[in-house]
Each structure stands twice: as structure tokens, then as C-alpha cells.
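Asks: One structure, as C-alpha cells, below. Some questions next.
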Amino acid sequence: MAVVAVVRRRRRLPRWSDVAAHVVLSIGAFLVAFPFLWMLLTSLKTLPESAGFPPTLLPREPQWGNYPAAWAAANFVLAFRNTLITAVVQTTGLVLFASLAGYAFARMRFPGRDLVFLVFLSSLMIPEEVRLVPSFVIVKFLPCPVPIDTICNPRGGWFDTFTVMTVPFMAGAFSVFLLRQFFLTIPNDLWEACELDGGGHWSYLWRVVLPLSGPAVLTVALFGFLGSWNAFLWPLIMTNNPEIRPLQVALSIFRSQEYGTNYPLLMAAATFSIAPVLVLFFFVQRQFIEGIARSGIRG
């Protein structure tokens, strides 16, 4: 019995390949997390300490007052409100339209389906910078059915409104592709059972497909929310009114002012600007990874 116990104990020892893999992954995780750690620690330093050489990692006396000082230096309350409105509206529309398009490409039969999907998917190869000028011209002269300044500007179409920051991103090729790949993994037997119960495509999508596709839908929502929260170039060009500009533009303006050389305040502003995203990802990271893995996408 003692020999058997020793053999079992030896089998439980990790292999050298597993140890090496964990060491490499730990080093990689530290390298990824170090800039965030440096940002957080710098936000708690004094200005002379942050500019000292050689640089120090830990602050001598944490300056917690840097956060309220940075918050009061710019109108971040308005910027957070605008970003939250834009992110919620854009994410809701993206999930809705991507689900409909992904289901159509995955389950419905119509002439030219694969060709249309290929053309739609090829739009991922066009850089955003190439589309900026044509997109600006389009949104500048779009008709205005609702004459409300924050939704639609009668003098400038969609320019300088919340509409221009949300509607153009409610349909994304990547989101449609991800949901299509996930919908293809659902057994066709469920569709046949739905047909026997007298259901059609609409009831099958909302009662069967979407409830089974929670991880993929959550992944699309998370990607959309992150993209909207971190959007900078599009809102910078498409808006002039500071009352509707989002957080990243406000942070850039904050940096371009006299606070650009005050590194503790700048790092404090950057910290509370990404804190909501980190908290959100912390709670949904398992579903996010599961959605990527089960959709057939590999990094």
C-alpha cells in the first residue's frame, strides 16, 4: 500500500512543461498588467516625485487628493454621462441588428447569400481612416426627420449629435460574423422541432437560438460597449459641441491643457476613465472567453 501511495503521489507532481508554461504565462501577465500598475501608482505621487530620475515605483506618501483634483479640473461628469448614453444605445442596437443579420446568414436560404456575406465581411479590411472623409460627407447631408439638436441637426444632418455616434456602429461585420459562426453550431434538429410546433424563423430566433447563444451575444455586447467607451477619432471629427462629446475626447482635451504635464493628475484621470470597463470585464470575463472559444474564432 505504501508503494501505491508513493506512485500516486508522484503522478500528481506537475510536469516540467506545465511549470514552464505557467512561468511564461505569469511573466506575460505581469508585462501586460505592469503599465496599468504604473499608471495607478503614478496617480498617487506628487508632481516632483513623478518627474524624478531615477523613477520610483511606489509613492512615498499616497496623494489620494489627486483624484478629486483631476475630477474637478474638467467636466468629467458630463463626459461620463455622454459616454454611458452612447455606449448603452450603441450596444443595444448592435446586439439587435447583429443577431438578425447573423441569423439570416446562418439559417435562412436566399439567392446570393454567401456572396453577400463575403462582401459584407470584406469591409473589415477597409481601415477606418480611409472611411472618415466619405462618412463625414454622408452624415453631414443626411436628412433630418426629428428636429432635435441632440438627435438630429436640421442645419447639419447627423453632424454633432448623439445619432452620429451611435447609429453608424449598430451594424458591424465582426459582430455579425461572430454570431453567425455561433448560430451554425446549434443543431438543426431544434429548427425541425420548432417547425413541428408551428413556429417560424422569428419565434425560433427569439425562443431557441438567442437563449442558447448567451455567451456569444454577451461577447458582441462587450465588444460593442468597449468600442463605444474607447471611441476617440470618430467623435473628435464628427462633433464640435462639448455638451455631447464623450469621455476619451474630454480626456484628450484635459491632456492638451496645462494638466498635460501634471502626470499624477493625468494618470488619475486615466485611471477613473478605464475603471468602469475593468469592472465590467471582471464580472463577464468567463462568458466572454467562452463566447470566443465556442464561436470558432482563434487568436
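Here, A, B, ... name the chains of the C-alpha cells in the order displayed, residue numbers run from 1 inside each chain, and ligands are numbered from 1 in the same displayed order.
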Counting only C-alpha atoms, give me one row per residue of region 212-234 of chain A with an atom at most 10 Å from an atom of region 164-177 of chain A, showing the shortest contact pair and its distance in Å to one decimal, sorted by chain then residue number, as a Markdown table.

Replies:
| residue | atom | partner | partner_atom | distance |
| --- | --- | --- | --- | --- |
| A:Ala216 | CA | A:Ser175 | CA | 9.2 |
| A:Val217 | CA | A:Ser175 | CA | 8.9 |
| A:Thr219 | CA | A:Ser175 | CA | 8.8 |
| A:Val220 | CA | A:Ser175 | CA | 5.7 |
| A:Ala221 | CA | A:Ser175 | CA | 8.9 |
| A:Phe223 | CA | A:Ser175 | CA | 8.3 |
| A:Gly224 | CA | A:Phe169 | CA | 8.3 |
| A:Gly227 | CA | A:Phe169 | CA | 9.3 |
| A:Ser228 | CA | A:Thr166 | CA | 8.2 |
| A:Ala231 | CA | A:Met165 | CA | 9.1 |
| A:Trp234 | CA | A:Met165 | CA | 7.6 |

Asks: For region 184-249 of chain A versus region 275-286 of chain A, which residues have an atom no more than 9 Å away, and what is each residue's nearest atom pair and distance in Å rounded to one decimal, using only C-alpha atoms, chain-then-number order, as a Markdown table?

Replies:
| residue | atom | partner | partner_atom | distance |
| --- | --- | --- | --- | --- |
| A:Pro215 | CA | A:Arg286 | CA | 8.8 |
| A:Leu218 | CA | A:Val284 | CA | 8.1 |
| A:Thr219 | CA | A:Val284 | CA | 8.8 |
| A:Leu222 | CA | A:Phe281 | CA | 8.0 |
| A:Phe225 | CA | A:Val277 | CA | 8.6 |
| A:Leu226 | CA | A:Val277 | CA | 7.1 |
| A:Trp229 | CA | A:Val277 | CA | 8.0 |

Asks: So that I have them on file, write out the residues from the current selection with C-alpha atoms, as a JSON list (two decimals), in the first residue's frame.

Replies:
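Okay, again_26.json is ready:
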[["chain", "number", "residue", "atom", "x", "y", "z"],
["A", 215, "PRO", "CA", -22.01, 33.70, -24.38],
["A", 218, "LEU", "CA", -22.57, 38.76, -24.38],
["A", 219, "THR", "CA", -19.29, 38.82, -26.28],
["A", 222, "LEU", "CA", -18.93, 43.57, -24.57],
["A", 225, "PHE", "CA", -19.54, 48.54, -25.26],
["A", 226, "LEU", "CA", -15.73, 48.65, -25.21],
["A", 229, "TRP", "CA", -16.40, 53.58, -24.47]]

Asks: Could you check the closest approach to Gly200 (chain A) for each of A:Leu25, A:Val95, A:Leu121, A:Met108 and tell me which residue wins, using only C-alpha atoms?

Replies: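 Nearest candidate to Gly200 (chain A) out of A:Leu25, A:Val95, A:Leu121, A:Met108: A:Met108.
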
Asks: For each of A:Glu192, A:Glu49, A:Asp160, A:Asp18, take the minimum atom-to-atom distance to Ile244 (chain A), counting only C-alpha atoms, then give the residue where this is smallest.

Replies: A:Asp160

Asks: Using CA of Thr46 (chain A) and CA of Pro246 (chain A) as the two end points, give the distance in Å to one decimal.

Replies: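 Answer for the CA of Thr46 (chain A) to CA of Pro246 (chain A) separation: 28.3 Å.
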
Asks: If you run DSSP on this backbone, which residues of region 60-290 of chain A come out as helix (DSSP H, G or I), and could you give them as a ChimeraX atom specification?

Replies: /A:66-73,76-107,113-125,128-140,162-169,173-183,188-196,201-212,214-229,233-238,247-256,258-261,263-290

Asks: Rank nothing, just name the residue among A:Met238, A:Leu41, A:Leu190, A:Leu233 nearest to Glu128 (chain A), using only C-alpha atoms.

Replies: A:Leu233

Asks: So that I can check the surroundings of Phe232 (chain A), please list as a list in words every protein, DNA and RNA residue that reaches within 10 Å of it, counting only C-alpha atoms and ignoring chain neighbours fewer than 3 positions away.

Replies: Gly227, Ser228, Trp229, Pro235, Leu236, Ile237, Arg245, Pro246, Leu247, Gln248, Val249, Ala250, Leu251 and Ser252 of chain A

Asks: Tell me which of A:Asn66, A:Ser50, A:Thr83, A:Gln181 sits closest to Arg107 (chain A), counting only C-alpha atoms.

Replies: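 For Arg107 (chain A), the nearest of the given residues is A:Gln181.
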
Asks: Give me, please, the distance in Å between CA of Thr271 (chain A) and CA of Gly65 (chain A), quoted to one decimal.

Replies: 13.7 Å

Asks: Take CA of Trp202 (chain A) and CA of Pro187 (chain A) and report the distance between them in Å, one decimal.

Replies: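 Pair CA of Trp202 (chain A) / CA of Pro187 (chain A) returns 17.0 Å.
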
Asks: What lies within 12 Å of Ala193 (chain A) using only C-alpha atoms, ignoring chain neighbours under 5 positions off, as a PyMOL selection string?

Replies: chain A and resi 187-188+198-200+203-204+208

Asks: Could you save those same residues with N, CA and C atoms as a PDB file, in the first residue's frame?

Replies:
ATOM      1  N   PRO A 187     -27.773  22.693 -33.273  1.00  0.00           N
ATOM      2  CA  PRO A 187     -28.278  21.548 -34.070  1.00  0.00           C
ATOM      3  C   PRO A 187     -29.533  21.910 -34.856  1.00  0.00           C
ATOM      4  N   ASN A 188     -29.579  21.414 -36.069  1.00  0.00           N
ATOM      5  CA  ASN A 188     -30.735  21.668 -36.922  1.00  0.00           C
ATOM      6  C   ASN A 188     -31.991  20.959 -36.424  1.00  0.00           C
ATOM      7  N   GLY A 198     -45.236  24.586 -35.143  1.00  0.00           N
ATOM      8  CA  GLY A 198     -45.879  25.694 -35.845  1.00  0.00           C
ATOM      9  C   GLY A 198     -45.126  27.007 -35.768  1.00  0.00           C
ATOM     10  N   GLY A 199     -43.877  26.980 -35.338  1.00  0.00           N
ATOM     11  CA  GLY A 199     -43.085  28.197 -35.237  1.00  0.00           C
ATOM     12  C   GLY A 199     -42.360  28.509 -36.529  1.00  0.00           C
ATOM     13  N   GLY A 200     -42.014  29.769 -36.708  1.00  0.00           N
ATOM     14  CA  GLY A 200     -41.252  30.223 -37.861  1.00  0.00           C
ATOM     15  C   GLY A 200     -39.888  30.727 -37.454  1.00  0.00           C
ATOM     16  N   SER A 203     -39.924  33.196 -34.229  1.00  0.00           N
ATOM     17  CA  SER A 203     -40.040  32.532 -32.927  1.00  0.00           C
ATOM     18  C   SER A 203     -38.842  31.653 -32.646  1.00  0.00           C
ATOM     19  N   TYR A 204     -38.279  31.018 -33.686  1.00  0.00           N
ATOM     20  CA  TYR A 204     -37.094  30.173 -33.493  1.00  0.00           C
ATOM     21  C   TYR A 204     -35.899  31.007 -33.034  1.00  0.00           C
ATOM     22  N   VAL A 208     -35.367  30.094 -29.171  1.00  0.00           N
ATOM     23  CA  VAL A 208     -34.418  28.974 -29.157  1.00  0.00           C
ATOM     24  C   VAL A 208     -32.981  29.449 -29.357  1.00  0.00           C
TER      25      VAL A 208
END

Asks: For each of A:Arg180, A:Phe272, A:Ile126, A:Ser17, take the minimum atom-to-atom distance to Asp114 (chain A), counting only C-alpha atoms, then give the residue where this is smallest.

Replies: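 Distance minimum relative to Asp114 (chain A) lands on A:Arg180.
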